[in-house]
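Below is one structure, written out as structure tokens, with a few remarks after it.
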Amino acid sequence: MVGKDAPLWTGVLTLARNGAKRLPARVTLHRGRVKDIEVAIQSAKDTRMLDIKHRVPFDEAARRISSGSVLALDPMSPTDQKAFDEYIKYFKTKSRAGVARLEGNLALYLLPAGESPEVLKALYELNTHIPRNGSLLGIIGESGAVAAPVAAPVAAPVAAPKEEASKAKPDEAKGKVEPKGGGDEEGGKISSKDVTE
């Protein structure tokens, strides 16, 4: 009989940061869907790695815990611990989670185990066997914004008097307003400051 905290899947994935610093990892799926792991494996098929090209704040990655798949990534052997420690130090220094885009609308979010315990409290409550130090934690979840704040209602445009409407610019006369902030309507785009070095 399989216990509540028994791993759902174990295997190996290779990580990289912008195509460099390859890191083979022993991966354990503690919570979620094996199908998400299959998507990660398929995404790594051509390059034989999951490439971390973006970063997001830890709390942004943590928002995916409730609906995502939770992984623990550990060194393949004791000799790989130094490379793991370098990845952990990198993400801690940046105070960011790494993001590797997967196929479809999924991404793998990587966080150092034990980092920001208040943010990861929900994660550790889900499974007592999730590592707390010396490992990376992965969350496979939707890419882009999650639980974006609801915009405040906007007042309806007031119609201009007929004589002024004819003088208005075509877009103003129709009440068309361009979005601010560079047109990022999805909220899921990552700024250039979040791209890893």
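Residues are named by chain letter and number: chains run A, B, ... in the order of the structure tokens, numbers start at 1 in each chain, and ligands are numbered from 1 in the order shown.
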
Closest contacts (stretch 38-65 of chain A/stretch 131-142 of chain A, max 9 Å, only C-alpha atoms) as CSV:
```
residue,atom,partner,partner_atom,distance
A:Ala40,CA,A:Ile140,CA,8.4
A:Ala61,CA,A:Ile139,CA,7.4
A:Ala62,CA,A:Ile139,CA,8.0
A:Arg64,CA,A:Gly141,CA,5.7
A:Ile65,CA,A:Ile139,CA,6.6
```

All residues 9 Å or closer to A:Arg33, only C-alpha atoms, same chain fewer than 3 positions away omitted, as a ChimeraX atom specification: /A:8,29,36-37,68-70

Residue subset to file, keeping all heavy atoms, as an mmCIF file, in the first residue's frame:
```cif
data_model
loop_
_atom_site.group_PDB
_atom_site.id
_atom_site.type_symbol
_atom_site.label_atom_id
_atom_site.label_comp_id
_atom_site.auth_asym_id
_atom_site.auth_seq_id
_atom_site.Cartn_x
_atom_site.Cartn_y
_atom_site.Cartn_z
ATOM 1 N N LEU A 8 4.818 10.182 -6.177
ATOM 2 C CA LEU A 8 3.963 9.738 -7.276
ATOM 3 C C LEU A 8 4.785 9.340 -8.494
ATOM 4 O O LEU A 8 4.330 8.573 -9.338
ATOM 5 C CB LEU A 8 2.997 10.862 -7.659
ATOM 6 C CG LEU A 8 2.098 11.368 -6.528
ATOM 7 C CD1 LEU A 8 1.376 12.638 -6.955
ATOM 8 C CD2 LEU A 8 1.117 10.289 -6.126
ATOM 9 N N LEU A 29 8.133 13.627 -7.765
ATOM 10 C CA LEU A 29 6.830 14.282 -7.781
ATOM 11 C C LEU A 29 6.126 13.937 -6.477
ATOM 12 O O LEU A 29 5.810 12.785 -6.216
ATOM 13 C CB LEU A 29 6.002 13.804 -8.981
ATOM 14 C CG LEU A 29 4.559 14.316 -9.069
ATOM 15 C CD1 LEU A 29 4.518 15.832 -9.219
ATOM 16 C CD2 LEU A 29 3.837 13.646 -10.230
ATOM 17 N N ASP A 36 1.830 16.358 -15.874
ATOM 18 C CA ASP A 36 2.675 17.564 -15.880
ATOM 19 C C ASP A 36 4.143 17.198 -16.069
ATOM 20 O O ASP A 36 4.883 17.889 -16.777
ATOM 21 C CB ASP A 36 2.485 18.370 -14.595
ATOM 22 C CG ASP A 36 1.143 19.072 -14.529
ATOM 23 O OD1 ASP A 36 0.432 19.133 -15.563
ATOM 24 O OD2 ASP A 36 0.793 19.559 -13.438
ATOM 25 N N ILE A 37 4.584 16.107 -15.435
ATOM 26 C CA ILE A 37 5.963 15.641 -15.603
ATOM 27 C C ILE A 37 6.180 15.212 -17.057
ATOM 28 O O ILE A 37 7.225 15.492 -17.645
ATOM 29 C CB ILE A 37 6.257 14.457 -14.650
ATOM 30 C CG1 ILE A 37 6.327 14.938 -13.214
ATOM 31 C CG2 ILE A 37 7.536 13.740 -15.036
ATOM 32 C CD1 ILE A 37 7.556 15.747 -12.883
ATOM 33 N N GLY A 68 -0.924 23.475 -8.834
ATOM 34 C CA GLY A 68 0.175 22.913 -9.611
ATOM 35 C C GLY A 68 0.676 21.589 -9.082
ATOM 36 O O GLY A 68 0.152 21.034 -8.116
ATOM 37 N N SER A 69 1.688 21.073 -9.741
ATOM 38 C CA SER A 69 2.364 19.850 -9.327
ATOM 39 C C SER A 69 3.645 20.237 -8.606
ATOM 40 O O SER A 69 4.371 21.117 -9.055
ATOM 41 C CB SER A 69 2.677 18.977 -10.544
ATOM 42 O OG SER A 69 1.473 18.542 -11.140
ATOM 43 N N VAL A 70 3.921 19.568 -7.485
ATOM 44 C CA VAL A 70 5.047 19.929 -6.630
ATOM 45 C C VAL A 70 6.134 18.861 -6.729
ATOM 46 O O VAL A 70 5.878 17.674 -6.516
ATOM 47 C CB VAL A 70 4.590 20.098 -5.170
ATOM 48 C CG1 VAL A 70 5.767 20.439 -4.279
ATOM 49 C CG2 VAL A 70 3.512 21.171 -5.079
#
```

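Of the listed residues A:Val56, A:Leu50, A:Val39, A:Ala20, the one whose atoms come nearest to A:Leu111 is A:Val56, with distances taken using only C-alpha atoms.
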
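Closest to A:Val99 among A:Thr79, A:Gln42, A:Thr28, A:Ser143 is A:Ser143, based on only C-alpha atoms.
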
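Interatomic distance, atom CA of A:Ser66 against atom CA of A:Glu86: 28.2 Å.
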
Picked from stretch 12-73 of chain A by DSSP as strand (DSSP E or B), as a VMD selection string: chain A and resid 12 to 17 20 to 31 50 to 52 54 to 57 69 to 73

Those selected residues, please, written with N, CA and C atoms and delivered as a compact mmCIF listing (two decimals), in the first residue's frame.
```txt
# COMPACT_ATOMS: atom_id res chain seq x y z
N VAL A 12 14.70 11.57 -13.76
CA VAL A 12 15.82 12.49 -13.93
C VAL A 12 15.46 13.55 -14.97
N LEU A 13 15.76 14.80 -14.66
CA LEU A 13 15.65 15.91 -15.61
C LEU A 13 16.94 16.72 -15.53
N THR A 14 17.32 17.34 -16.62
CA THR A 14 18.49 18.22 -16.63
C THR A 14 18.02 19.66 -16.74
N LEU A 15 18.54 20.50 -15.85
CA LEU A 15 18.24 21.93 -15.85
C LEU A 15 19.40 22.68 -16.49
N ALA A 16 19.13 23.88 -16.94
CA ALA A 16 20.18 24.78 -17.43
C ALA A 16 19.70 26.20 -17.21
N ARG A 17 20.66 27.13 -17.15
CA ARG A 17 20.31 28.55 -17.07
C ARG A 17 20.81 29.20 -18.35
N ALA A 20 23.33 27.24 -20.34
CA ALA A 20 24.62 26.92 -19.71
C ALA A 20 24.38 26.34 -18.32
N LYS A 21 25.44 25.98 -17.67
CA LYS A 21 25.41 25.46 -16.30
C LYS A 21 24.41 24.31 -16.16
N ARG A 22 24.59 23.31 -17.01
CA ARG A 22 23.70 22.14 -16.98
C ARG A 22 23.79 21.44 -15.63
N LEU A 23 22.62 21.03 -15.15
CA LEU A 23 22.54 20.42 -13.84
C LEU A 23 21.58 19.23 -13.89
N PRO A 24 22.10 17.99 -13.91
CA PRO A 24 21.21 16.84 -13.85
C PRO A 24 20.62 16.73 -12.44
N ALA A 25 19.33 16.42 -12.38
CA ALA A 25 18.66 16.37 -11.08
C ALA A 25 17.78 15.13 -10.96
N ARG A 26 17.80 14.55 -9.77
CA ARG A 26 16.87 13.47 -9.43
C ARG A 26 15.58 14.16 -9.02
N VAL A 27 14.49 13.84 -9.70
CA VAL A 27 13.22 14.55 -9.49
C VAL A 27 12.21 13.61 -8.86
N THR A 28 11.52 14.12 -7.85
CA THR A 28 10.47 13.36 -7.18
C THR A 28 9.19 14.19 -7.22
N LEU A 29 8.13 13.63 -7.77
CA LEU A 29 6.83 14.28 -7.78
C LEU A 29 6.13 13.94 -6.48
N HIS A 30 5.92 14.95 -5.63
CA HIS A 30 5.28 14.73 -4.32
C HIS A 30 3.78 14.98 -4.35
N ARG A 31 3.35 15.85 -5.25
CA ARG A 31 1.93 16.20 -5.30
C ARG A 31 1.62 16.68 -6.71
N LEU A 50 15.76 21.44 -19.46
CA LEU A 50 14.75 22.47 -19.22
C LEU A 50 15.54 23.75 -18.95
N ASP A 51 15.38 24.70 -19.82
CA ASP A 51 16.19 25.91 -19.78
C ASP A 51 15.50 27.01 -18.98
N ILE A 52 16.13 27.44 -17.92
CA ILE A 52 15.61 28.51 -17.06
C ILE A 52 16.04 29.83 -17.68
N HIS A 54 13.93 32.83 -17.27
CA HIS A 54 13.25 33.95 -16.63
C HIS A 54 13.26 33.76 -15.12
N ARG A 55 12.92 34.85 -14.41
CA ARG A 55 12.77 34.81 -12.96
C ARG A 55 11.51 35.57 -12.57
N VAL A 56 10.90 35.13 -11.48
CA VAL A 56 9.75 35.83 -10.91
C VAL A 56 9.92 35.85 -9.40
N PRO A 57 9.25 36.77 -8.70
CA PRO A 57 9.32 36.76 -7.23
C PRO A 57 8.84 35.43 -6.66
N SER A 69 1.69 21.07 -9.74
CA SER A 69 2.36 19.85 -9.33
C SER A 69 3.65 20.24 -8.61
N VAL A 70 3.92 19.57 -7.49
CA VAL A 70 5.05 19.93 -6.63
C VAL A 70 6.13 18.86 -6.73
N LEU A 71 7.35 19.32 -7.03
CA LEU A 71 8.50 18.44 -7.22
C LEU A 71 9.62 18.79 -6.26
N ALA A 72 10.42 17.80 -5.92
CA ALA A 72 11.69 18.04 -5.23
C ALA A 72 12.79 17.65 -6.20
N LEU A 73 13.79 18.50 -6.36
CA LEU A 73 14.92 18.22 -7.23
C LEU A 73 16.17 18.14 -6.37
```
